[in-house]
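Engineer: coords_14.txt is reproduced in full below (compact mmCIF, C-alpha atoms).
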# COMPACT_ATOMS: atom_id res chain seq x y z
CA MET A 19 -108.76 -18.72 70.05
CA LYS A 20 -111.12 -17.86 67.24
CA LEU A 21 -113.25 -15.83 69.64
CA ARG A 22 -110.23 -13.75 70.86
CA LYS A 23 -109.18 -12.97 67.26
CA HIS A 24 -112.71 -11.82 66.44
CA SER A 25 -112.98 -9.47 69.42
CA SER A 26 -109.57 -7.84 68.75
CA LEU A 27 -110.65 -7.17 65.14
CA LYS A 28 -113.85 -5.61 66.48
CA ALA A 29 -111.82 -3.36 68.83
CA LEU A 30 -109.55 -2.35 65.96
CA ILE A 31 -112.55 -1.33 63.77
CA THR A 32 -114.11 0.64 66.65
CA ALA A 33 -110.82 2.48 67.30
CA ALA A 34 -110.42 3.26 63.58
CA ALA A 35 -113.98 4.61 63.37
CA ALA A 36 -113.46 6.76 66.48
CA GLY A 37 -110.19 8.08 65.03
CA LEU A 38 -111.89 8.94 61.74
CA LEU A 39 -114.66 10.79 63.59
CA PHE A 40 -112.07 12.74 65.61
CA VAL A 41 -110.19 13.78 62.43
CA LEU A 42 -113.45 14.91 60.76
CA PHE A 43 -114.43 16.90 63.86
CA ALA A 44 -110.99 18.55 63.94
CA LEU A 45 -111.31 19.50 60.24
CA VAL A 46 -114.75 21.05 60.80
CA ARG A 47 -113.52 23.11 63.75
CA ALA A 48 -110.55 24.35 61.69
CA ASP A 49 -112.79 25.83 58.91
CA PRO A 50 -113.35 29.55 59.76
CA ARG A 51 -116.55 29.80 57.67
CA ILE A 52 -118.21 27.06 59.66
CA GLU A 53 -116.90 28.62 62.85
CA ALA A 54 -118.52 31.95 61.86
CA GLU A 55 -121.83 30.34 61.01
CA SER A 56 -121.93 28.47 64.27
CA GLY A 57 -121.46 31.80 66.05
CA ALA A 58 -124.38 33.55 64.26
CA ALA A 59 -127.21 34.32 66.62
CA GLU A 60 -130.23 33.82 64.33
CA PRO A 61 -130.57 32.63 60.74
CA PRO A 62 -132.02 35.28 58.43
CA PRO A 63 -135.82 35.13 58.21
CA VAL A 64 -137.23 33.33 55.20
CA ASP A 65 -139.44 35.31 52.86
CA TYR A 66 -142.08 32.62 52.31
CA ASP A 67 -143.94 34.61 49.67
CA ARG A 68 -140.84 34.69 47.55
CA PHE A 69 -139.81 31.18 48.58
CA PHE A 70 -142.97 29.51 47.31
CA SER A 71 -143.36 31.40 44.03
CA SER A 72 -141.00 32.06 41.19
CA GLY A 73 -139.77 35.58 40.45
CA ARG A 74 -141.89 35.70 37.29
CA GLU A 75 -145.11 34.88 39.10
CA ARG A 76 -144.50 37.26 41.98
CA ALA A 77 -146.45 40.50 41.63
CA PRO A 78 -144.24 43.57 42.06
CA ALA A 79 -144.98 45.76 45.06
CA PRO A 80 -146.86 48.94 44.10
CA PRO A 81 -144.34 51.77 43.74
CA GLN A 82 -144.38 54.19 46.68
CA ALA A 83 -144.42 57.61 45.06
CA THR A 84 -142.18 60.07 46.85
CA PRO A 85 -143.40 63.66 47.25
CA ALA A 86 -140.92 64.76 44.58
CA GLU A 87 -142.57 62.40 42.07
CA ARG A 88 -146.06 63.60 42.87
CA THR A 89 -145.22 67.26 42.46
CA HIS A 90 -143.93 69.35 39.56
CA THR A 91 -141.75 71.47 41.82
CA ARG A 92 -141.32 72.58 45.43
CA THR A 93 -141.38 75.89 47.26
CA ARG A 94 -138.97 76.39 50.11
CA ALA A 95 -137.05 79.19 51.69
CA SER A 96 -133.67 79.81 50.17
CA MET B 24 -150.60 81.05 18.45
CA THR B 25 -147.44 79.08 19.25
CA SER B 26 -147.86 75.30 19.02
CA LEU B 27 -147.10 73.29 22.14
CA ARG B 28 -144.92 70.32 22.84
CA GLN B 29 -146.25 67.23 24.60
CA ALA B 30 -143.39 67.26 27.10
CA PRO B 31 -141.73 70.42 28.36
CA SER B 32 -138.16 71.42 27.68
CA ARG B 33 -136.31 71.85 30.93
CA ARG B 34 -133.31 73.91 31.90
CA ASP B 35 -131.56 73.93 35.28
CA LEU B 36 -129.34 76.88 36.13
CA ARG B 37 -127.49 78.29 39.08
CA ALA B 38 -128.13 81.98 39.76
CA MET B 39 -128.99 84.34 42.65
CA ASN B 40 -127.18 81.89 44.93
CA SER B 41 -130.01 79.42 44.18
CA GLU B 42 -130.98 76.62 41.87
CA VAL B 43 -133.20 77.89 39.05
CA GLU B 44 -135.51 75.56 37.15
CA LEU B 45 -137.31 76.48 33.91
CA LEU B 46 -139.99 74.35 32.19
CA CYS B 47 -141.27 75.47 28.80
CA PHE B 48 -143.84 73.85 26.47
CA ALA B 49 -143.48 76.23 23.52
CA SER B 50 -142.40 74.75 20.18
CA ASP B 51 -139.47 77.20 20.16
CA ALA B 52 -138.61 76.31 23.74
CA GLU B 53 -134.84 76.18 23.26
CA ARG B 54 -134.74 79.69 21.87
CA ARG B 55 -136.89 80.98 24.73
CA LEU B 56 -134.80 79.17 27.33
CA ASP B 57 -131.60 80.62 25.84
CA ARG B 58 -133.04 84.10 26.05
CA ALA B 59 -134.22 83.56 29.64
CA GLU B 60 -130.77 82.29 30.63
CA ARG B 61 -129.07 85.37 29.12
CA TRP B 62 -131.58 87.67 30.84
CA LEU B 63 -131.00 85.98 34.20
CA ALA B 64 -127.22 86.44 33.93
CA ALA B 65 -127.74 90.15 33.17
CA PHE B 66 -130.24 90.45 36.05
CA GLU B 67 -127.78 88.99 38.53
CA ALA B 68 -124.97 91.25 37.33
CA ARG B 69 -127.24 94.26 37.81
CA PHE B 70 -129.05 93.49 41.09
CA SER B 71 -126.67 91.47 43.24
CA ARG B 72 -125.61 93.40 46.33
CA PHE B 73 -122.59 91.10 46.62
CA GLN B 74 -121.05 92.22 43.33
CA PRO B 75 -119.39 95.64 43.75
CA PRO B 76 -119.88 96.70 40.08
CA SER B 77 -123.64 95.90 40.12
CA GLU B 78 -126.05 98.77 39.72
CA LEU B 79 -127.56 98.02 43.15
CA SER B 80 -124.11 98.18 44.78
CA ARG B 81 -123.42 101.49 43.04
CA LEU B 82 -126.76 102.85 44.28
CA ASN B 83 -125.88 101.83 47.84
CA ARG B 84 -122.47 103.49 47.57
CA ALA B 85 -124.17 106.66 46.31
CA ALA B 86 -126.35 106.99 49.44
CA GLY B 87 -126.84 110.64 50.34
CA ARG B 88 -126.63 111.69 46.67
CA SER B 89 -129.05 111.47 43.76
CA PHE B 90 -128.48 108.36 41.62
CA GLN B 91 -129.67 108.01 38.04
CA ALA B 92 -131.18 104.51 37.86
CA SER B 93 -131.98 102.20 34.97
CA PRO B 94 -135.74 101.75 34.30
CA ALA B 95 -135.62 98.26 35.89
CA LEU B 96 -133.88 99.35 39.10
CA PHE B 97 -136.13 102.38 39.43
CA ALA B 98 -139.25 100.22 38.99
CA LEU B 99 -138.01 97.71 41.57
CA VAL B 100 -137.16 100.34 44.19
CA GLU B 101 -140.43 102.14 43.54
CA THR B 102 -142.32 98.87 44.02
CA ALA B 103 -140.38 98.06 47.20
CA VAL B 104 -141.17 101.49 48.67
CA ALA B 105 -144.87 101.08 47.77
CA LEU B 106 -144.91 97.68 49.52
CA ALA B 107 -143.17 99.13 52.58
CA ARG B 108 -145.89 101.78 52.75
CA ARG B 109 -148.61 99.15 52.29
CA SER B 110 -147.18 97.03 55.12
CA GLY B 111 -146.88 100.00 57.48
CA GLY B 112 -143.12 99.42 57.62
CA VAL B 113 -143.24 95.72 58.52
CA PHE B 114 -141.43 95.21 55.25
CA ASP B 115 -138.63 97.74 54.82
CA LEU B 116 -136.03 97.74 52.07
CA THR B 117 -133.62 99.89 54.12
CA VAL B 118 -132.61 97.12 56.54
CA LEU B 119 -129.32 96.41 54.77
CA GLY B 120 -127.23 97.94 57.56
CA ALA B 121 -128.98 95.77 60.18
CA LEU B 122 -128.57 92.73 57.96
CA GLU B 123 -124.83 93.36 57.58
CA ALA B 124 -124.45 94.13 61.27
CA ALA B 125 -126.03 90.75 61.99
CA GLY B 126 -123.36 89.16 59.79
CA TYR B 127 -125.01 88.75 56.39
CA ASN B 128 -122.48 90.87 54.54
CA ARG B 129 -121.49 88.60 51.68
CA SER B 130 -123.03 85.93 49.50
CA PHE B 131 -124.29 83.22 51.82
CA ASN B 132 -122.09 80.46 50.43
CA THR B 133 -118.99 82.48 51.40
CA LEU B 134 -120.33 83.85 54.71
CA THR B 135 -117.72 83.36 57.42
CA GLY B 136 -117.60 86.29 59.79
CA LEU B 137 -119.19 89.44 61.07
CA ARG B 138 -118.48 92.73 59.36
CA SER B 139 -120.57 95.85 58.90
CA GLU B 140 -119.99 98.17 55.97
CA THR B 141 -123.22 100.09 55.78
CA GLY B 142 -124.77 102.53 58.22
CA ARG B 143 -127.99 101.53 59.97
CA VAL B 144 -131.34 103.20 60.12
CA ALA B 145 -132.21 103.28 63.82
CA ALA B 146 -134.69 100.60 64.83
CA GLY B 147 -138.27 101.68 64.18
CA ASP B 148 -137.18 104.67 62.08
CA GLN B 149 -139.11 103.56 58.99
CA GLY B 150 -136.11 104.14 56.71
CA TRP B 151 -138.24 103.54 53.62
CA ARG B 152 -139.91 106.92 54.22
CA GLN B 153 -136.54 108.59 53.64
CA VAL B 154 -135.99 107.08 50.19
CA ALA B 155 -136.57 109.91 47.68
CA LEU B 156 -137.81 108.91 44.21
CA ASP B 157 -138.09 111.19 41.21
CA PRO B 158 -139.98 109.30 38.46
CA LYS B 159 -139.41 112.05 35.87
CA ALA B 160 -135.64 112.06 36.27
CA ARG B 161 -135.69 108.36 37.20
CA SER B 162 -133.43 109.17 40.13
CA ILE B 163 -133.21 107.61 43.57
CA CYS B 164 -131.74 109.26 46.65
CA LEU B 165 -131.10 107.04 49.67
CA PRO B 166 -130.53 108.57 53.12
CA ALA B 167 -126.81 109.13 53.78
CA GLY B 168 -125.12 105.98 55.08
CA VAL B 169 -128.14 103.79 54.36
CA GLY B 170 -128.24 100.87 51.94
CA ILE B 171 -131.11 98.85 50.56
CA ASP B 172 -131.60 95.12 50.20
CA LEU B 173 -134.11 94.07 47.55
CA GLY B 174 -133.61 90.41 48.53
CA GLY B 175 -136.62 88.21 47.90
CA ILE B 176 -138.56 90.99 46.19
CA ALA B 177 -135.97 91.16 43.41
CA LYS B 178 -135.89 87.38 43.14
CA GLY B 179 -139.69 87.21 42.91
CA TRP B 180 -139.66 89.90 40.24
CA ALA B 181 -137.00 88.00 38.28
CA VAL B 182 -139.05 84.80 38.44
CA ASP B 183 -142.12 86.67 37.14
CA ARG B 184 -140.08 88.14 34.28
CA LEU B 185 -138.58 84.77 33.35
CA ALA B 186 -142.06 83.23 33.22
CA SER B 187 -143.22 85.97 30.85
CA MET B 188 -140.48 84.89 28.41
CA LEU B 189 -141.40 81.20 28.33
CA GLY B 190 -144.97 81.34 26.99
CA ARG B 191 -147.98 79.45 28.26
CA PRO B 192 -147.95 77.02 30.03
CA CYS B 193 -144.63 77.22 31.83
CA LEU B 194 -143.12 76.85 35.25
CA VAL B 195 -140.24 78.79 36.84
CA ASN B 196 -138.68 78.00 40.19
CA GLY B 197 -135.94 80.32 41.44
CA GLY B 198 -134.64 78.97 44.74
CA GLY B 199 -138.15 78.13 45.97
CA ASP B 200 -139.89 81.19 44.46
CA VAL B 201 -142.32 79.69 41.95
CA ARG B 202 -144.35 81.12 39.07
CA ALA B 203 -146.89 78.73 37.54
CA VAL B 204 -148.41 79.84 34.24
CA GLY B 205 -151.35 77.94 32.75
CA ARG B 206 -151.58 74.26 33.57
CA PRO B 207 -149.65 71.24 32.32
CA GLY B 208 -151.93 69.18 30.06
CA ASP B 209 -155.21 68.15 31.70
CA ALA B 210 -153.92 68.59 35.26
CA PRO B 211 -155.90 70.93 37.53
CA GLY B 212 -152.76 73.03 37.93
CA TRP B 213 -149.04 72.83 38.57
CA ARG B 214 -148.47 70.79 41.69
CA VAL B 215 -146.16 72.67 44.05
CA GLY B 216 -144.92 70.90 47.17
CA VAL B 217 -144.44 73.03 50.30
CA ALA B 218 -141.22 71.90 51.97
CA ASP B 219 -141.33 71.01 55.65
CA PRO B 220 -138.78 73.28 57.40
CA PHE B 221 -138.00 70.54 59.90
CA ALA B 222 -137.61 67.67 57.40
CA ALA B 223 -136.10 68.83 54.12
CA GLU B 224 -137.31 65.88 52.04
CA ARG B 225 -140.90 66.00 53.28
CA ASP B 226 -143.74 68.15 51.96
CA LEU B 227 -146.23 69.72 54.36
CA ALA B 228 -148.79 70.16 51.59
CA VAL B 229 -149.12 70.06 47.83
CA LEU B 230 -150.75 73.07 46.16
CA ALA B 231 -152.33 72.97 42.70
CA VAL B 232 -151.78 76.42 41.19
CA GLU B 233 -152.52 78.06 37.87
CA ASP B 234 -151.43 81.61 36.99
CA ARG B 235 -150.10 82.23 40.47
CA GLY B 236 -146.86 82.91 42.26
CA VAL B 237 -145.81 80.91 45.31
CA ALA B 238 -143.01 81.88 47.70
CA THR B 239 -141.71 80.77 51.08
CA SER B 240 -139.86 82.67 53.78
CA SER B 241 -138.17 80.96 56.69
CA SER B 242 -135.99 81.97 59.60
CA LEU B 243 -134.51 78.47 59.65
CA ARG B 244 -132.70 78.98 56.33
CA ARG B 245 -129.76 81.32 55.79
CA SER B 246 -129.05 81.38 59.48
CA TRP B 247 -125.69 81.43 61.24
CA ALA B 248 -124.19 81.48 64.71
CA GLY B 249 -123.65 84.94 66.18
CA ALA B 250 -122.37 86.18 69.53
CA ALA B 251 -125.95 86.45 70.80
CA GLY B 252 -127.03 83.04 69.52
CA ARG B 253 -128.56 81.85 66.27
CA LEU B 254 -129.10 84.68 63.76
CA HIS B 255 -130.94 84.73 60.44
CA HIS B 256 -131.55 87.01 57.49
CA LEU B 257 -135.12 88.16 58.26
CA ILE B 258 -134.67 91.53 59.94
CA ASP B 259 -137.55 92.98 61.92
CA PRO B 260 -137.45 96.72 61.08
CA GLN B 261 -139.07 97.50 64.44
CA THR B 262 -136.08 96.13 66.37
CA GLY B 263 -133.34 96.28 63.73
CA ALA B 264 -132.40 92.69 64.63
CA PRO B 265 -133.27 89.22 63.28
CA SER B 266 -136.95 88.60 63.89
CA ARG B 267 -138.05 86.71 67.00
CA SER B 268 -141.42 85.81 65.48
CA ASP B 269 -143.12 82.61 66.63
CA VAL B 270 -143.53 81.77 62.91
CA VAL B 271 -140.52 79.92 61.48
CA GLN B 272 -141.84 79.55 57.93
CA CYS B 273 -144.57 81.10 55.82
CA THR B 274 -145.63 80.14 52.29
CA ALA B 275 -147.86 82.51 50.34
CA VAL B 276 -149.79 82.13 47.08
CA ALA B 277 -150.49 85.39 45.25
CA THR B 278 -151.13 86.76 41.78
CA THR B 279 -147.39 87.26 41.20
CA THR B 280 -144.26 85.76 42.72
CA LEU B 281 -143.07 89.19 43.82
CA LEU B 282 -146.27 89.64 45.83
CA ALA B 283 -146.11 86.09 47.19
CA ASP B 284 -142.59 86.82 48.44
CA TYR B 285 -143.74 90.07 50.06
CA HIS B 286 -146.76 88.48 51.79
CA ALA B 287 -144.74 85.49 53.03
CA LYS B 288 -142.13 87.78 54.59
CA VAL B 289 -144.67 90.16 56.15
CA ALA B 290 -146.79 87.33 57.60
CA LEU B 291 -143.68 85.75 59.12
CA LEU B 292 -142.51 89.02 60.68
CA LEU B 293 -145.98 89.76 62.08
CA GLY B 294 -146.15 86.48 63.99
CA ALA B 295 -148.80 83.77 64.00
CA ALA B 296 -152.01 85.65 64.86
CA ALA B 297 -151.39 88.89 62.93
CA GLY B 298 -149.66 87.00 60.12
CA LEU B 299 -152.64 84.75 59.55
CA ALA B 300 -154.95 87.78 59.63
CA HIS B 301 -152.69 89.46 57.06
CA LEU B 302 -152.96 86.45 54.72
CA ASN B 303 -156.73 86.31 55.19
CA ASP B 304 -157.17 90.01 54.47
CA ALA B 305 -154.83 90.43 51.48
CA PRO B 306 -156.85 90.21 48.23
CA GLY B 307 -156.01 87.21 46.05
CA THR B 308 -153.58 85.87 48.64
CA GLU B 309 -153.57 82.67 50.67
CA GLY B 310 -150.92 81.02 52.75
CA LEU B 311 -149.71 78.50 55.23
CA ILE B 312 -147.58 79.21 58.28
CA VAL B 313 -145.46 76.90 60.41
CA LEU B 314 -144.83 77.68 64.07
CA ALA B 315 -141.69 76.93 66.04
CA ASP B 316 -143.37 73.88 67.63
CA GLY B 317 -144.02 72.44 64.15
CA SER B 318 -147.76 73.12 64.09
CA VAL B 319 -149.25 74.39 60.83
CA ARG B 320 -151.93 77.08 60.32
CA ARG B 321 -153.67 77.72 57.01
CA SER B 322 -155.38 80.85 55.77
CA ARG B 323 -159.13 80.68 55.32
CA ARG B 324 -159.29 79.90 51.61
CA LEU B 325 -156.08 77.95 51.10
CA SER B 326 -158.21 74.84 50.50
CA ALA B 327 -158.93 76.25 47.01
CA TYR B 328 -155.35 75.29 46.15
CA LEU B 329 -155.37 71.89 47.80
CA PRO B 330 -156.14 69.18 45.19
In structure tokens, how does this file's structure come out?
Structural biologist:
Amino acid sequence: MKLRKHSSLKALITAAAAGLLFVLFALVRADPRIEAESGAAEPPPVDYDRFFSSGRERAPAPPQATPAERTHTRTRAS
Amino acid sequence: MTSLRQAPSRRDLRAMNSEVELLCFASDAERRLDRAERWLAAFEARFSRFQPPSELSRLNRAAGRSFQASPALFALVETAVALARRSGGVFDLTVLGALEAAGYNRSFNTLTGLRSETGRVAAGDQGWRQVALDPKARSICLPAGVGIDLGGIAKGWAVDRLASMLGRPCLVNGGGDVRAVGRPGDAPGWRVGVADPFAAERDLAVLAVEDRGVATSSSLRRSWAGAAGRLHHLIDPQTGAPSRSDVVQCTAVATTTLLADYHAKVALLLGAAAGLAHLNDAPGTEGLIVLADGSVRRSRRLSAYLP
């Protein structure tokens, strides 16, 4: 008698846990943001140089001078 | 001697259907720039062929009769005729009729259709030989029905004149026609980029120039669609039609901007081989030409201007 009562309690807990899992799964599926993320092909690449050093420590890239900056003026046909 | 500023005063204007840029180091820069701006407005009113009241338009309408010219117009036409003679007719100021027949009959920013208003000198006729000049009376007589286009020559002359008003050092750029006077600070010269005709933002070369004029001619600019295909503003006086030269752009460095403009145009019209020979032979002149396939040829001593 005691054994039967114990096993029905165990079945009840298992069913409740399964139900809870099902509800959580349904909630996750219903969130469009998570849906969109799950559909993304590849995560963006991580910039490890930036990741492992703070912004203050990071040396700025040397400026790439454009031709207009290197010259005083330009000649062209008009 | 006028004291100099550390940084130049700059003025950007719109004139001659082009952007005009003035850089002046003089201590009284603002006064000089004001004067240059007023002079430029008067120049345009006098020498634009697109403004009917301009002196140049009146001269063209007076073709076949003697026209009393102002000292400036007389000097410009006299210079243009001398350059036509020097080039053996490769440069010819009397191509206006051919230019209008090709469709360039109004200011380029309003160009929409084909219309000819001026008679044409027959191809190969060397119309410049028929322009009669009387220096004493300061009169000009154009052949009946023939008009003149001073085009780049007038623009080069204007750039030279503007530079003479701004003191030393200074820089003037009128729609790509450049006059560099002196040098800015300790730099070896004014650095002038040569635009790539196939990639507007790219420079083919950077020239360091001091007391020189620099000008560029190209058949890829000011071009339009015509019945016979793509047309442009560089008329070959030998054919009376837009040039079919294998050179699509030529940049020349010379002692003045007017001369740089002349040499750039002549070298382009002559084509690659003769054009390069022209740049090599002209005293005090160097240049760089671009062919239709994008390849670049330099005159023998252009390296003197390459920093």
Engineer: Skipping near chain neighbours, those fewer than 2 positions away, what residues fall within 7 Å of B:Cys164 using all atoms listed in the file, listed as JSON, numbers by chain?
Structural biologist: {"B": [86, 87, 88, 89, 90, 154, 155, 156, 162, 166]}
Engineer: Taking only residues of chain A that have an atom at most 7 Å from an atom of chain B, what is each one's shortest atom pair and its distance in Å to one decimal, using all atoms listed in the file, in chain and number order, as a tab-separated table?
Structural biologist:
residue	atom	partner	partner_atom	distance
A:Pro85	CA	B:Asp226	CA	6.5
A:Thr89	CA	B:Arg214	CA	4.9
A:His90	CA	B:Arg214	CA	5.2
A:Thr91	CA	B:Val215	CA	5.1
A:Arg92	CA	B:Gly216	CA	4.3
A:Thr93	CA	B:Gly199	CA	4.1
A:Arg94	CA	B:Gly199	CA	4.6
A:Ala95	CA	B:Ser240	CA	4.9
A:Ser96	CA	B:Gly198	CA	5.6
Engineer: Export, as a PDB file, keeping the file's coordinate frame, the selected residues with C-alpha atoms.
Structural biologist:
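Listed below is the output, out.pdb:
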ATOM      1  CA  PRO A  85    -143.400  63.660  47.250  1.00  0.00           C
ATOM      2  CA  THR A  89    -145.220  67.260  42.460  1.00  0.00           C
ATOM      3  CA  HIS A  90    -143.930  69.350  39.560  1.00  0.00           C
ATOM      4  CA  THR A  91    -141.750  71.470  41.820  1.00  0.00           C
ATOM      5  CA  ARG A  92    -141.320  72.580  45.430  1.00  0.00           C
ATOM      6  CA  THR A  93    -141.380  75.890  47.260  1.00  0.00           C
ATOM      7  CA  ARG A  94    -138.970  76.390  50.110  1.00  0.00           C
ATOM      8  CA  ALA A  95    -137.050  79.190  51.690  1.00  0.00           C
ATOM      9  CA  SER A  96    -133.670  79.810  50.170  1.00  0.00           C
TER      10      SER A  96
END
Engineer: Between atom CA of B:Val118 and atom CA of B:Leu185, measure the distance and give it in Å to one decimal.
Structural biologist: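 That distance, rounded to one decimal, is 26.9 Å.
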Engineer: So what do you get for atom CA of B:Asp172 versus atom CA of B:Ala95, distance-wise?
Structural biologist: 15.2 Å
Engineer: Choose the residue, out of B:Ala98, B:Leu314, B:Val43, B:Ala327, that has the smallest atom-to-atom separation from B:Ala64; count only C-alpha atoms.
Structural biologist: B:Val43
Engineer: If I take atom CA of B:Arg72 and atom CA of B:Lys288, how far is one from the other in Å, to one decimal?
Structural biologist: 19.3 Å
Engineer: Return the single residue from B:Asp259, B:Ala59, B:Ala295, B:Ser187 that is closest to B:Val204, with distances computed using all atoms listed in the file.
Structural biologist: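 Using all atoms listed in the file, B:Val204 sits closest to B:Ser187.
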Engineer: Calculated over all atoms listed in the file, which of the candidates B:Ile258, B:Val182, B:Ala107, B:Ala222 has the smallest distance to B:Gly236?
Structural biologist: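 Residue with the minimum atom-to-atom distance to B:Gly236: B:Val182.
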Engineer: Return the padded bounding box of stretch 165-173 of chain B as lines of an AutoDock Vina configuration file: axis-aligned, built from all atoms listed in the file, 6 Å added on each side, with centre and edge lengths in Å to one decimal.
Structural biologist:
center_x = -129.6
center_y = 101.6
center_z = 51.3
size_x = 21.0
size_y = 27.1
size_z = 19.5
Engineer: For B:Ser50, which residue out of B:Gly168, B:Gln29, B:Phe66, B:Thr117 is the nearest one, using all atoms listed in the file?
Structural biologist: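 Smallest distance to B:Ser50 is found for B:Gln29.
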